[in-house]
Structures are given as C-alpha cells and as structure tokens.
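**Student:** Here you go, work03.cif (mmCIF, C-alpha atoms and all ligand atoms):
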```
data_start
loop_
_atom_site.label_atom_id
_atom_site.label_comp_id
_atom_site.auth_asym_id
_atom_site.auth_seq_id
_atom_site.Cartn_x
_atom_site.Cartn_y
_atom_site.Cartn_z
CA MET A 1 -150.68 -85.13 89.21
CA ALA A 2 -149.73 -81.70 90.45
CA GLU A 3 -147.07 -81.58 93.13
CA LYS A 4 -148.10 -81.16 96.74
CA ILE A 5 -145.92 -78.56 98.38
CA ILE A 6 -145.90 -77.15 101.90
CA LEU A 7 -144.59 -73.76 102.91
CA THR A 8 -144.83 -72.28 106.35
CA GLY A 9 -142.68 -70.38 108.78
CA ASP A 10 -142.17 -68.31 111.89
CA ARG A 11 -140.79 -64.93 112.80
CA PRO A 12 -137.56 -65.30 114.76
CA THR A 13 -138.38 -62.89 117.57
CA GLY A 14 -137.95 -65.43 120.35
CA ARG A 15 -137.75 -69.10 121.16
CA LEU A 16 -140.76 -71.17 120.20
CA HIS A 17 -143.27 -72.16 122.86
CA ILE A 18 -145.87 -74.87 123.38
CA GLY A 19 -148.47 -72.70 121.66
CA HIS A 20 -146.37 -72.93 118.48
CA TYR A 21 -146.00 -76.64 119.12
CA VAL A 22 -149.68 -77.56 119.30
CA GLY A 23 -150.69 -74.86 116.84
CA SER A 24 -148.29 -75.81 114.08
CA LEU A 25 -144.98 -77.56 114.82
CA ARG A 26 -146.43 -80.92 115.82
CA ARG A 27 -148.54 -80.98 112.68
CA ARG A 28 -145.60 -80.07 110.47
CA VAL A 29 -143.64 -83.04 111.70
CA GLU A 30 -146.62 -85.34 111.08
CA LEU A 31 -147.03 -83.94 107.58
CA GLN A 32 -143.32 -84.31 106.94
CA ASP A 33 -143.36 -87.94 108.03
CA SER A 34 -146.61 -88.75 106.22
CA GLY A 35 -144.80 -88.90 102.89
CA LEU A 36 -147.81 -87.22 101.25
CA PHE A 37 -145.90 -84.14 100.19
CA ASP A 38 -143.41 -83.75 97.39
CA LYS A 39 -141.62 -80.78 98.95
CA ILE A 40 -141.66 -79.07 102.31
CA PHE A 41 -140.25 -75.59 102.93
CA ILE A 42 -139.96 -74.22 106.45
CA MET A 43 -138.96 -70.57 106.53
CA ILE A 44 -137.44 -68.51 109.29
CA ALA A 45 -139.11 -65.19 108.50
CA ASP A 46 -136.37 -62.79 109.57
CA ALA A 47 -137.29 -60.16 106.95
CA GLN A 48 -140.86 -60.17 108.19
CA ALA A 49 -139.64 -59.95 111.79
CA LEU A 50 -137.70 -56.84 110.81
CA THR A 51 -140.87 -55.08 109.61
CA ASP A 52 -141.56 -54.14 113.21
CA ASN A 53 -138.07 -54.61 114.61
CA ALA A 54 -136.02 -52.37 112.33
CA ASP A 55 -134.31 -50.89 115.39
CA ASN A 56 -133.47 -54.27 116.87
CA PRO A 57 -131.83 -56.41 114.21
CA GLU A 58 -129.66 -58.12 116.82
CA LYS A 59 -132.71 -59.73 118.42
CA VAL A 60 -133.75 -61.19 115.09
CA ARG A 61 -130.22 -62.31 114.29
CA GLN A 62 -129.78 -64.07 117.63
CA ASN A 63 -133.09 -65.88 117.43
CA ILE A 64 -132.52 -67.52 114.07
CA ILE A 65 -130.50 -70.34 115.61
CA GLU A 66 -132.99 -70.69 118.49
CA VAL A 67 -135.86 -71.21 116.07
CA ALA A 68 -133.80 -73.63 113.99
CA LEU A 69 -132.93 -75.59 117.15
CA ASP A 70 -136.59 -75.68 118.16
CA TYR A 71 -137.56 -76.91 114.68
CA MET A 72 -135.06 -79.72 114.58
CA ALA A 73 -135.62 -80.65 118.23
CA CYS A 74 -139.32 -81.13 117.42
CA GLY A 75 -138.42 -83.52 114.63
CA LEU A 76 -138.18 -81.44 111.50
CA ASP A 77 -135.58 -83.30 109.50
CA PRO A 78 -133.33 -81.51 107.01
CA ALA A 79 -133.35 -84.63 104.83
CA LYS A 80 -137.11 -84.25 104.37
CA SER A 81 -137.83 -80.55 104.93
CA THR A 82 -135.95 -77.57 103.54
CA MET A 83 -135.36 -75.12 106.38
CA PHE A 84 -134.18 -71.71 105.25
CA ILE A 85 -133.79 -68.02 106.10
CA GLN A 86 -136.17 -65.63 104.34
CA SER A 87 -133.72 -62.75 103.85
CA GLN A 88 -131.30 -65.02 102.01
CA VAL A 89 -133.81 -65.57 99.22
CA SER A 90 -133.77 -62.18 97.58
CA GLU A 91 -136.17 -63.37 94.86
CA LEU A 92 -138.91 -62.98 97.47
CA THR A 93 -138.48 -59.22 97.62
CA GLU A 94 -138.64 -58.99 93.86
CA LEU A 95 -141.92 -60.91 93.76
CA THR A 96 -143.27 -58.67 96.52
CA PHE A 97 -142.45 -55.61 94.45
CA PHE A 98 -144.58 -56.87 91.57
CA TYR A 99 -147.43 -58.07 93.78
CA ASN A 100 -147.55 -54.62 95.43
CA ASN A 101 -149.27 -53.41 92.27
CA LEU A 102 -152.06 -55.95 92.62
CA VAL A 103 -153.20 -54.94 96.12
CA THR A 104 -154.87 -51.75 97.25
CA VAL A 105 -154.13 -49.80 100.40
CA GLN A 106 -157.80 -50.14 101.28
CA ARG A 107 -157.64 -53.91 101.02
CA LEU A 108 -154.60 -54.04 103.33
CA GLN A 109 -156.37 -51.81 105.82
CA ARG A 110 -159.13 -54.38 106.06
CA ASN A 111 -156.80 -57.26 106.94
CA PRO A 112 -157.99 -58.12 110.47
CA THR A 113 -154.69 -59.59 111.67
CA VAL A 114 -152.71 -56.56 110.53
CA LYS A 115 -155.30 -54.30 112.15
CA GLN A 116 -155.05 -56.15 115.43
CA GLU A 117 -151.26 -56.21 115.36
CA MET A 118 -151.13 -52.48 114.66
CA GLN A 119 -153.36 -51.89 117.67
CA LEU A 120 -151.19 -54.14 119.84
CA ARG A 121 -148.01 -52.31 118.85
CA GLY A 122 -149.50 -48.86 119.28
CA PHE A 123 -148.89 -48.04 115.62
CA ASN A 124 -152.18 -46.11 115.48
CA ASP A 125 -151.32 -43.79 118.34
CA ALA A 126 -149.56 -41.04 116.45
CA ASP A 127 -149.21 -39.62 112.98
CA GLY A 128 -145.75 -41.11 112.66
CA ALA A 129 -144.14 -37.78 111.91
CA ASP A 130 -141.34 -38.42 114.40
CA ASN A 131 -140.90 -41.97 113.13
CA LYS A 132 -141.38 -43.23 116.68
CA ALA A 133 -145.01 -44.17 116.40
CA GLY A 134 -147.04 -44.74 113.29
CA THR A 135 -146.99 -47.81 111.05
CA PRO A 136 -143.85 -48.80 109.14
CA VAL A 137 -144.79 -49.23 105.48
CA GLY A 138 -143.01 -52.59 105.43
CA PHE A 139 -145.12 -53.81 108.30
CA PHE A 140 -148.34 -52.62 106.72
CA CYS A 141 -147.45 -54.48 103.53
CA TYR A 142 -146.20 -57.71 105.06
CA PRO A 143 -149.25 -59.68 103.87
CA ILE A 144 -148.04 -59.03 100.34
CA SER A 145 -144.56 -60.22 101.14
CA GLN A 146 -146.13 -63.28 102.74
CA ALA A 147 -147.95 -63.95 99.47
CA ALA A 148 -144.54 -63.88 97.80
CA ASP A 149 -143.19 -66.38 100.37
CA ILE A 150 -146.02 -68.78 99.64
CA THR A 151 -146.26 -68.44 95.87
CA ALA A 152 -142.49 -68.48 95.25
CA PHE A 153 -142.53 -72.14 96.21
CA LYS A 154 -145.84 -72.89 94.46
CA ALA A 155 -147.11 -74.03 97.85
CA THR A 156 -150.39 -75.90 97.78
CA THR A 157 -150.68 -76.23 101.55
CA VAL A 158 -149.88 -73.73 104.29
CA PRO A 159 -150.16 -75.15 107.81
CA VAL A 160 -150.60 -72.20 110.18
CA GLY A 161 -152.63 -70.95 113.12
CA GLU A 162 -155.95 -69.21 112.60
CA ASP A 163 -154.44 -65.73 113.00
CA GLN A 164 -152.80 -66.36 109.63
CA GLU A 165 -156.07 -67.00 107.83
CA PRO A 166 -156.35 -63.44 106.49
CA MET A 167 -152.83 -63.76 105.02
CA ILE A 168 -153.73 -66.90 103.11
CA GLU A 169 -156.94 -65.26 101.89
CA GLN A 170 -154.96 -62.27 100.61
CA THR A 171 -152.48 -64.60 98.97
CA ARG A 172 -155.30 -66.36 97.15
CA GLU A 173 -156.63 -63.02 95.94
CA ILE A 174 -153.21 -62.02 94.66
CA VAL A 175 -152.82 -65.33 92.85
CA ARG A 176 -156.21 -64.98 91.19
CA LYS A 177 -155.52 -61.42 90.19
CA PHE A 178 -152.07 -62.23 88.85
CA ASN A 179 -153.29 -65.21 86.86
CA SER A 180 -156.25 -63.33 85.43
CA ILE A 181 -154.06 -60.46 84.20
CA TYR A 182 -150.91 -62.30 83.14
CA GLY A 183 -152.14 -65.83 82.49
CA PRO A 184 -152.01 -68.96 84.66
CA THR A 185 -148.68 -68.86 86.51
CA LEU A 186 -149.17 -68.98 90.28
CA VAL A 187 -150.72 -71.65 92.49
CA GLU A 188 -153.58 -70.89 94.87
CA PRO A 189 -152.68 -72.29 98.31
CA GLU A 190 -154.96 -73.91 100.88
CA ILE A 191 -154.69 -73.18 104.58
CA LEU A 192 -154.34 -76.13 106.94
CA LEU A 193 -155.61 -75.22 110.41
CA PRO A 194 -154.88 -77.10 113.66
CA GLU A 195 -157.19 -80.01 114.33
CA SER A 196 -158.79 -78.98 117.63
CA ALA A 197 -160.04 -75.83 119.33
CA ALA A 198 -157.47 -76.18 122.12
CA CYS A 199 -154.72 -76.20 119.50
CA LEU A 200 -156.08 -73.30 117.48
CA ARG A 201 -155.01 -70.82 120.07
CA LEU A 202 -153.41 -72.07 123.23
CA PRO A 203 -153.97 -69.54 126.04
CA GLY A 204 -151.10 -68.28 128.18
CA THR A 205 -150.37 -69.79 131.59
CA ASP A 206 -152.19 -66.76 133.07
CA GLY A 207 -155.38 -67.65 131.19
CA LYS A 208 -155.04 -64.72 128.78
CA ALA A 209 -156.24 -65.49 125.25
CA LYS A 210 -152.81 -65.74 123.70
CA MET A 211 -149.51 -67.21 124.72
CA SER A 212 -147.02 -64.51 123.88
CA LYS A 213 -143.55 -63.52 124.84
CA SER A 214 -144.52 -59.91 125.52
CA LEU A 215 -147.15 -61.07 128.03
CA GLY A 216 -144.64 -63.32 129.83
CA ASN A 217 -147.08 -66.22 129.92
CA CYS A 218 -145.26 -68.78 127.80
CA ILE A 219 -143.94 -72.25 128.38
CA TYR A 220 -140.98 -72.56 126.01
CA LEU A 221 -139.96 -75.77 124.30
CA SER A 222 -136.50 -75.17 125.71
CA ASP A 223 -137.65 -74.65 129.33
CA SER A 224 -136.12 -77.05 131.86
CA ALA A 225 -138.38 -79.50 133.69
CA ASP A 226 -138.05 -77.36 136.83
CA THR A 227 -139.11 -74.23 135.00
CA VAL A 228 -142.08 -76.02 133.44
CA TRP A 229 -143.23 -77.19 136.87
CA GLU A 230 -142.85 -73.69 138.30
CA LYS A 231 -144.98 -72.30 135.48
CA VAL A 232 -147.57 -75.07 135.69
CA ARG A 233 -147.82 -74.66 139.48
CA GLY A 234 -148.60 -70.98 139.03
CA MET A 235 -151.15 -71.54 136.29
CA TYR A 236 -154.55 -69.99 136.14
CA THR A 237 -157.33 -72.51 136.84
CA ASP A 238 -160.86 -71.86 138.11
CA PRO A 239 -161.01 -68.89 140.50
CA LEU A 240 -164.20 -70.32 142.06
CA HIS A 241 -162.60 -73.66 142.88
CA LEU A 242 -161.26 -72.76 146.31
CA GLN A 243 -161.49 -76.03 148.19
CA VAL A 244 -160.78 -79.46 146.82
CA SER A 245 -164.38 -80.43 147.53
CA ASP A 246 -165.83 -77.44 145.63
CA PRO A 247 -167.30 -78.14 142.22
CA GLY A 248 -165.01 -76.77 139.49
CA HIS A 249 -165.34 -75.36 136.01
CA ILE A 250 -163.69 -76.77 132.91
CA GLU A 251 -164.49 -73.95 130.50
CA GLY A 252 -161.87 -71.23 130.59
CA ASN A 253 -159.75 -73.37 132.90
CA THR A 254 -156.31 -73.21 131.34
CA VAL A 255 -155.11 -76.48 132.86
CA PHE A 256 -157.88 -78.32 131.06
CA THR A 257 -157.23 -76.47 127.82
CA TYR A 258 -153.61 -77.65 127.98
CA LEU A 259 -154.74 -81.19 128.79
CA ASP A 260 -157.07 -81.08 125.78
CA ALA A 261 -154.09 -80.11 123.64
CA PHE A 262 -151.47 -82.50 125.09
CA CYS A 263 -153.13 -85.43 126.82
CA LYS A 264 -153.07 -88.78 125.01
CA PRO A 265 -154.87 -91.98 126.02
CA GLU A 266 -151.58 -93.67 126.96
CA HIS A 267 -150.92 -91.01 129.59
CA PHE A 268 -153.53 -92.61 131.86
CA ASP A 269 -151.66 -95.89 132.01
CA LYS A 270 -148.35 -94.15 132.30
CA PHE A 271 -149.25 -91.68 135.02
CA ALA A 272 -152.18 -93.36 136.74
CA SER A 273 -150.11 -94.41 139.72
CA CYS A 274 -149.11 -92.30 142.67
CA PHE A 275 -148.50 -88.63 142.28
CA LEU A 276 -146.59 -86.22 144.46
CA GLY A 277 -144.78 -89.27 145.82
CA LYS A 278 -147.57 -89.53 148.34
CA LYS A 279 -150.33 -92.02 148.83
CA VAL A 280 -152.79 -90.12 146.69
CA CYS A 281 -153.57 -91.90 143.50
CA PHE A 282 -154.67 -90.43 140.26
CA GLU A 283 -157.09 -93.07 139.21
CA PHE A 284 -158.64 -92.01 135.97
CA HIS A 285 -158.80 -93.72 132.64
CA SER A 286 -159.73 -90.85 130.37
CA LEU A 287 -159.72 -87.08 130.29
CA GLU A 288 -163.54 -87.19 130.40
CA GLU A 289 -163.38 -88.94 133.76
CA VAL A 290 -161.00 -86.30 135.09
CA LYS A 291 -163.30 -83.53 133.91
CA ASP A 292 -166.35 -85.20 135.47
CA GLN A 293 -164.62 -85.49 138.80
CA TYR A 294 -163.46 -81.88 138.68
CA ARG A 295 -166.96 -80.68 137.88
CA LYS A 296 -168.42 -82.66 140.77
CA GLY A 297 -165.74 -81.57 143.22
CA GLY A 298 -163.13 -83.60 145.03
CA LEU A 299 -160.27 -83.13 142.60
CA GLY A 300 -157.69 -80.60 143.74
CA ASP A 301 -155.85 -78.19 141.49
CA MET A 302 -152.46 -79.40 142.72
CA MET A 303 -153.25 -82.97 141.79
CA LEU A 304 -154.46 -81.82 138.42
CA LYS A 305 -151.37 -79.69 137.85
CA ASN A 306 -149.14 -82.59 138.73
CA PHE A 307 -150.86 -84.65 136.10
CA LEU A 308 -150.55 -81.85 133.52
CA ASN A 309 -146.88 -81.46 134.40
CA ALA A 310 -146.28 -85.17 133.77
CA VAL A 311 -148.21 -85.01 130.49
CA LEU A 312 -146.33 -81.92 129.31
CA ASN A 313 -142.95 -83.32 130.18
CA ASP A 314 -143.74 -86.55 128.38
CA THR A 315 -143.81 -84.46 125.20
CA LEU A 316 -141.14 -81.93 126.14
CA GLU A 317 -138.43 -84.21 127.51
CA PRO A 318 -137.49 -85.80 124.16
CA ILE A 319 -137.53 -82.34 122.57
CA ARG A 320 -135.27 -81.01 125.33
CA GLN A 321 -132.85 -83.89 124.86
CA ARG A 322 -132.65 -83.46 121.10
CA ARG A 323 -132.14 -79.74 121.56
CA ALA A 324 -129.26 -80.34 123.94
CA GLU A 325 -127.66 -82.69 121.41
CA LEU A 326 -128.03 -80.17 118.58
CA GLU A 327 -126.61 -77.39 120.75
CA LYS A 328 -123.34 -79.32 120.86
CA ASP A 329 -122.93 -78.81 117.11
CA LEU A 330 -124.20 -75.36 116.19
CA PRO A 331 -122.07 -75.15 113.01
CA TYR A 332 -124.07 -78.13 111.73
CA VAL A 333 -127.36 -76.34 112.43
CA TYR A 334 -126.17 -73.22 110.59
CA GLU A 335 -125.02 -75.43 107.72
CA VAL A 336 -128.53 -76.89 107.47
CA LEU A 337 -129.87 -73.36 107.11
CA ARG A 338 -127.23 -72.37 104.58
CA LYS A 339 -127.91 -75.38 102.38
CA GLY A 340 -131.66 -74.96 102.82
CA SER A 341 -131.44 -71.32 101.78
CA GLU A 342 -129.61 -72.33 98.62
CA ILE A 343 -132.26 -74.89 97.69
CA ALA A 344 -135.03 -72.40 98.48
CA ARG A 345 -133.33 -69.79 96.35
CA GLN A 346 -133.27 -72.06 93.33
CA ALA A 347 -136.96 -72.87 93.69
CA ALA A 348 -137.89 -69.20 94.09
CA ALA A 349 -135.71 -68.18 91.13
CA GLU A 350 -137.62 -70.55 88.85
CA THR A 351 -140.94 -69.04 89.86
CA LEU A 352 -139.58 -65.52 89.54
CA ALA A 353 -138.46 -66.26 85.97
CA GLU A 354 -141.95 -67.54 85.15
CA VAL A 355 -143.50 -64.47 86.74
CA LYS A 356 -141.30 -62.14 84.72
CA ARG A 357 -142.07 -64.07 81.56
CA ALA A 358 -145.81 -63.83 82.28
CA MET A 359 -145.47 -60.10 82.98
CA ARG A 360 -143.44 -59.72 79.82
CA ILE A 361 -140.49 -58.16 81.59
CA ASN A 362 -138.11 -60.88 80.46
CA TYR A 363 -136.34 -58.72 77.88
CA PHE A 364 -133.05 -60.56 77.86
CA GLU A 365 -134.23 -64.14 77.71
CA PRO A 366 -133.27 -65.94 74.49
CA GLY A 367 -135.23 -64.74 71.47
CA VAL A 368 -137.00 -61.91 73.24
CA ILE A 369 -134.93 -59.05 71.79
CA GLU A 370 -135.70 -60.29 68.29
CA GLU A 371 -139.39 -60.45 69.17
CA LEU A 372 -139.30 -56.93 70.61
CA ILE A 373 -137.65 -55.53 67.49
CA ALA A 374 -140.05 -57.34 65.15
CA SER A 375 -143.06 -56.02 67.05
CA ARG A 376 -141.80 -52.45 67.23
CA LYS A 377 -144.13 -49.92 65.70
CA ALA A 378 -142.06 -47.66 63.52
N1 LIG A 401 -146.62 -64.46 109.57
C1 LIG A 401 -146.10 -65.69 110.09
C2 LIG A 401 -146.05 -65.57 111.61
O1 LIG A 401 -146.10 -64.49 112.14
C3 LIG A 401 -144.72 -66.02 109.55
C4 LIG A 401 -144.71 -66.18 108.06
C5 LIG A 401 -144.06 -65.39 107.16
C6 LIG A 401 -145.37 -67.18 107.32
N2 LIG A 401 -144.27 -65.81 105.92
C7 LIG A 401 -145.07 -66.91 105.95
C8 LIG A 401 -146.20 -68.26 107.64
C9 LIG A 401 -145.59 -67.70 104.93
C10 LIG A 401 -146.71 -69.03 106.61
C11 LIG A 401 -146.42 -68.75 105.27
O2 LIG A 401 -145.90 -66.56 112.27
#
```
Have the structure of the file written as structure tokens, please.
Ligand code: TRP
**Tutor:**
Amino acid sequence: MAEKIILTGDRPTGRLHIGHYVGSLRRRVELQDSGLFDKIFIMIADAQALTDNADNPEKVRQNIIEVALDYMACGLDPAKSTMFIQSQVSELTELTFFYNNLVTVQRLQRNPTVKQEMQLRGFNDADGADNKAGTPVGFFCYPISQAADITAFKATTVPVGEDQEPMIEQTREIVRKFNSIYGPTLVEPEILLPESAACLRLPGTDGKAKMSKSLGNCIYLSDSADTVWEKVRGMYTDPLHLQVSDPGHIEGNTVFTYLDAFCKPEHFDKFASCFLGKKVCFEFHSLEEVKDQYRKGGLGDMMLKNFLNAVLNDTLEPIRQRRAELEKDLPYVYEVLRKGSEIARQAAAETLAEVKRAMRINYFEPGVIEELIASRKA
C-alpha cells in the first residue's frame, strides 16, 4: 500500500495562539499519536514568512524557536514527527522554480486567500514603483512554493485551516499538470480540515472573525494563567445581555464559540463546584444546559467567563509546563530542528531527483550522456 505522509507547517511570524491550537495543532498531535501515518513532516515556513517580511528578517529568525517550543509543548514529538526549517531545504526552491512554469499569472490572481492577504497588507494600494507598496513577486507566488513544500515530501494529507484550501487546490492542479506532461511522478494531496465549525476559524477575543497578532486579539499558548484570565475577562460576549436576568444570545458570542472549541464532557465534573470562591455554584452537566440557561436568562457573563477560564487553563496548563521545561534546554530544541532539517532535506532531494529525471534534465546521471549522444541528430 502507498505510504501515508503528512506535511503541514506555520509561518514563524509570532508565537502560536489558541486559534492555531484548535485549528491545527491539536489535530496534528492526534494524528501523530494515531500511528496511522508512515511519516509526518512539520515545517517552520520561514522562507514563506519572508515573502512579506523581507525587511524584517530578525522577526522571522527570533520566532523560529518560539514556534518550535509551541509545537513540542503541544505534544509534537521529534521521535515521531520531523520538525524542520523550510529555508534549510534548498531543494524546495528548485522545485518551485520548475513549478513556476506550470502556473499562470491569471490563475494566481484568482487565488482567494492570496487576494485577501494582498488586500489586508495594502499591496494593492500603489503601483509598487517605489518598492514600498505593491506586491512582492515572492509573495504573489507563494502558493507555488507551497506546492513544492507539499509535493517534495509526497504528502498525502495536509492538515490545515480552511484559509489554506485554495493552496491545496492549486497544489493538486500543479501535480496533475506535472504528471500529465512529464509522467506520473508527484502525489496529489488531500486537505484535512478541522472537525468543527468553532475550530475552523476561532474568532479573536474581541469577537472579530479572525484571531490574529496584528489585531491584538489573541490568547497565546505561552500566556500565563493571569494573562489568560485578563483576556477572558475582557472578552466580547453578547452586547444585549446587560443584566444577569436578561435572555442572552449564543450565536456570535465568542465565549460560547471558545467553549464549543475547548469544552469536554469531563469539564462539568471537574469544574461543577463553586466558582469565584463564592457560594455560587455552576451546576450544569453539559454545554447544552449552559446554553439553554444563557438563552433563558439568569446566567451571568462573569460566571460564564470563569467557567471558560477554567476550561481553557485545563488545556493550557500542561502546555505551559512543558514549554517551561523545554525553555531550560534551548540547544536541544535547536538540535531537533537541525536534525529534522537534515532528514527533510534527504526526502526532498529524492523527489527532486525524480522530478529532474521526469523532466529530462538529469544530464549527468549514470548512462544519460551516452543516451544523449546516441540520440543526437547529426
Ligand atoms: N501557508 C501556511 C500558513 O500560512 C504555512 C505553510 C507553508 C504550509 N507551506 C505549507 C502549510 C505547506 C501547509 C503545507 O500557515
């Protein structure tokens, strides 16, 4: 049977937050521990991060270790998953160069995620003549480089958030095109999306559609318990729910979205007893019961936020502790990345050799010179 291989990754532009966790990290660890996959590659996409951070390489450089710490704190295990740094696998750029010929400018312009990101970064605002605005070519083409990331490892499965769907679609197109021109060489990957709507795109603490560093609405995996409580306390809920007795809304209420993403049945046993250290009891046995009560009225936001805080910390505390342990031995964490990059490089080099063979640009492989001479038209 064909091998089952995972590749996925993140841009190291900041620490990872709980949106990354429910959207992808948690799943990766489950997949890793499921034993269903032959190989797992987790890439820190520094080269991709540089496509819109060319003037700030230090930010990217500093965040590599933060992302690696977040990975390992969440349970990614170097014995089971190869964690590596994209820029250290130069084969990826070579593949990108060849794939560039298989994609049109028009097709890239239609990629909805790239379009949206260009808007967000103001890349459309000027003609780019002064190099201050405008779209860096590398950024515009990053879906092609992402296809190289995925195909270099013959990935069959790419667990990512839904914003990455257009990238996987473009990758599949590139694979089909390559294979139809040069013969079957590359593997068409499948996307693996998060299981629930709440996990697909976790909103920010301010209720805005996306949790993002630039919006300042993130809860980071590395936040202290105090910081998490501060952020939870300030969270956006239901603006119409003014008094405890008022009926409240669940839809668009960020606290409930987070509960949907983080709450587990065991949390009701664990946290059912007194909250706030006062006499008030949180007597519910399921999230449905909590929602019903909130809809009817009589459940205050503070009570609810205390429950969410307990639920969040139940997940975050072990991550925090592992992170603190790992931080005591940073050379070890860098060593994991160095070794991982070496393993990744070998895998990518094999694919690159096959690609060059398929494209018939393998002039100096054994026997090829003889073949070239014999086929020469005099
Ligand atoms: N584009 C992804 C992100 O922004 C990072 C990434 C780069 C990636 N290459 C990849 C994800 C390949 C999955 C597969 O998070």
**Student:** Quick one: residues within 12 Å of Lys210 in chain A, only C-alpha atoms, excluding same-chain residues fewer than 6 positions away - as a PDB file with C-alpha atoms, in the coordinates of the input?
**Tutor:**
```pdb
ATOM      1  CA  HIS A  17    -143.270 -72.160 122.860  1.00  0.00           C
ATOM      2  CA  ILE A  18    -145.870 -74.870 123.380  1.00  0.00           C
ATOM      3  CA  GLY A  19    -148.470 -72.700 121.660  1.00  0.00           C
ATOM      4  CA  HIS A  20    -146.370 -72.930 118.480  1.00  0.00           C
ATOM      5  CA  GLY A  23    -150.690 -74.860 116.840  1.00  0.00           C
ATOM      6  CA  GLY A 161    -152.630 -70.950 113.120  1.00  0.00           C
ATOM      7  CA  ASP A 163    -154.440 -65.730 113.000  1.00  0.00           C
ATOM      8  CA  ALA A 198    -157.470 -76.180 122.120  1.00  0.00           C
ATOM      9  CA  CYS A 199    -154.720 -76.200 119.500  1.00  0.00           C
ATOM     10  CA  LEU A 200    -156.080 -73.300 117.480  1.00  0.00           C
ATOM     11  CA  ARG A 201    -155.010 -70.820 120.070  1.00  0.00           C
ATOM     12  CA  LEU A 202    -153.410 -72.070 123.230  1.00  0.00           C
ATOM     13  CA  PRO A 203    -153.970 -69.540 126.040  1.00  0.00           C
ATOM     14  CA  GLY A 204    -151.100 -68.280 128.180  1.00  0.00           C
ATOM     15  CA  GLY A 216    -144.640 -63.320 129.830  1.00  0.00           C
ATOM     16  CA  ASN A 217    -147.080 -66.220 129.920  1.00  0.00           C
ATOM     17  CA  CYS A 218    -145.260 -68.780 127.800  1.00  0.00           C
ATOM     18  CA  ILE A 219    -143.940 -72.250 128.380  1.00  0.00           C
ATOM     19  CA  THR A 254    -156.310 -73.210 131.340  1.00  0.00           C
TER      20      THR A 254
END
```
**Student:** So, counting all atoms listed in the file, which residue among A:Leu95, A:Pro159, A:Phe153, A:Ile85 is closest to Gln346 in chain A?
**Tutor:**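 Closest candidate: A:Phe153.
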**Student:** Residues of chain A that have any atom at most 6 Å from an atom of ligand LIG 401 (chain A): could you tabulate them with the shortest-distance atom pair and the distance in Å to one decimal, using only C-alpha atoms and all ligand atoms, ordered by chain and increasing number, as a tab-separated table?
**Tutor:**
```
residue	atom	partner	partner_atom	distance
A:Leu7	CA	A:LIG401	C11	5.8
A:Thr8	CA	A:LIG401	C10	3.8
A:Gly9	CA	A:LIG401	C8	4.3
A:Asp10	CA	A:LIG401	O2	4.1
A:Arg11	CA	A:LIG401	C3	5.2
A:Ala45	CA	A:LIG401	C5	5.1
A:Gln146	CA	A:LIG401	N2	4.5
A:Asp149	CA	A:LIG401	C9	5.3
A:Ile150	CA	A:LIG401	C9	5.4
```
**Student:** Go through A:Leu92, A:Val22, A:Ile144, A:Ile5 and flag the residue nearest Thr257 in chain A, using all atoms listed in the file for the distances.
**Tutor:** A:Val22
**Student:** May I have the residues within 12 Å of Ile181 in chain A as number ranges by chain, using all atoms listed in the file and disregarding those fewer than 5 positions away in the same chain?
**Tutor:** A: 99, 101-102, 174-176, 186, 355, 358-360
**Student:** Which residue, A:Leu76, A:Ile191, A:Ala209, A:Ala47, has the smallest gap to Arg322 in chain A when you use all atoms listed in the file?
**Tutor:** A:Leu76
**Student:** Find the residues around Tyr142 in chain A up to 9 Å (only C-alpha atoms counted), leave out those fewer than 6 positions away in its own chain, and share them as a PyMOL selection string.
**Tutor:** chain A and resi 48+51+114+167
**Student:** CA of Lys4 in chain A to CA of Lys39 in chain A: how many Å, to one decimal?
**Tutor:**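 Answer for the CA of Lys4 in chain A to CA of Lys39 in chain A separation: 6.9 Å.
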**Student:** Hey, which of A:Val232, A:Val368, A:Leu242, A:Ile6 ends up closest to Asn309 in chain A? Count all atoms listed in the file.
**Tutor:** A:Val232
**Student:** Find the distance between CA of Arg28 in chain A and CA of Leu192 in chain A and write it in Å to one decimal.
**Tutor:**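 If I compute the distance from CA of Arg28 in chain A to CA of Leu192 in chain A, I get 10.2 Å.
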**Student:** One number please: CA of Met235 in chain A to CA of Thr205 in chain A, in Å, one decimal.
**Tutor:** 5.1 Å
**Student:** Draw an axis-aligned box tight on the listed atoms of range 113-118 of chain A, then pad every side by 8 Å and write out centre and edge lengths in Å to one decimal as lines of an AutoDock Vina configuration file.
**Tutor:**
```
center_x = -153.2
center_y = -56.0
center_z = 113.0
size_x = 20.2
size_y = 23.1
size_z = 20.9
```
**Student:** For each of A:Glu173, A:Glu288, A:Glu317, A:Glu188, take the minimum atom-to-atom distance to Asp226 in chain A, counting only C-alpha atoms, then give the residue where this is smallest.
**Tutor:**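 Smallest separation from Asp226 in chain A among the options: A:Glu317.
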**Student:** Report as JSON, numbers by chain all protein, DNA and RNA residues lying within 12 Å of Tyr334 in chain A, evaluated on only C-alpha atoms, omitting residues in the same chain fewer than 6 positions from it.
**Tutor:** {"A": [64, 65, 66, 67, 68, 69, 72, 78, 83, 84, 85, 326, 327, 340, 341]}
**Student:** Do a neighbour search on Asn56 in chain A at 10 Å with all atoms listed in the file, toss out local chain neighbours closer than 6 positions, and write the hits as a PyMOL selection string.
**Tutor:** chain A and resi 13+49-50
**Student:** Between A:Leu337, A:Leu215, A:Ala261, A:Val255, which residue has the minimum interatomic distance to Leu120 in chain A, considering only C-alpha atoms?
**Tutor:**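 Looking only at the distances to Leu120 in chain A, the closest residue turns out to be A:Leu215.
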**Student:** Find the residues with any atom within 12 Å of (-150.7, -90.2, 132.7); use only C-alpha atoms and the coordinates as given in the file, and write the answer as an MDAnalysis selection string.
**Tutor:** chainID A and resid 259 262:275 281:287 290 303:315
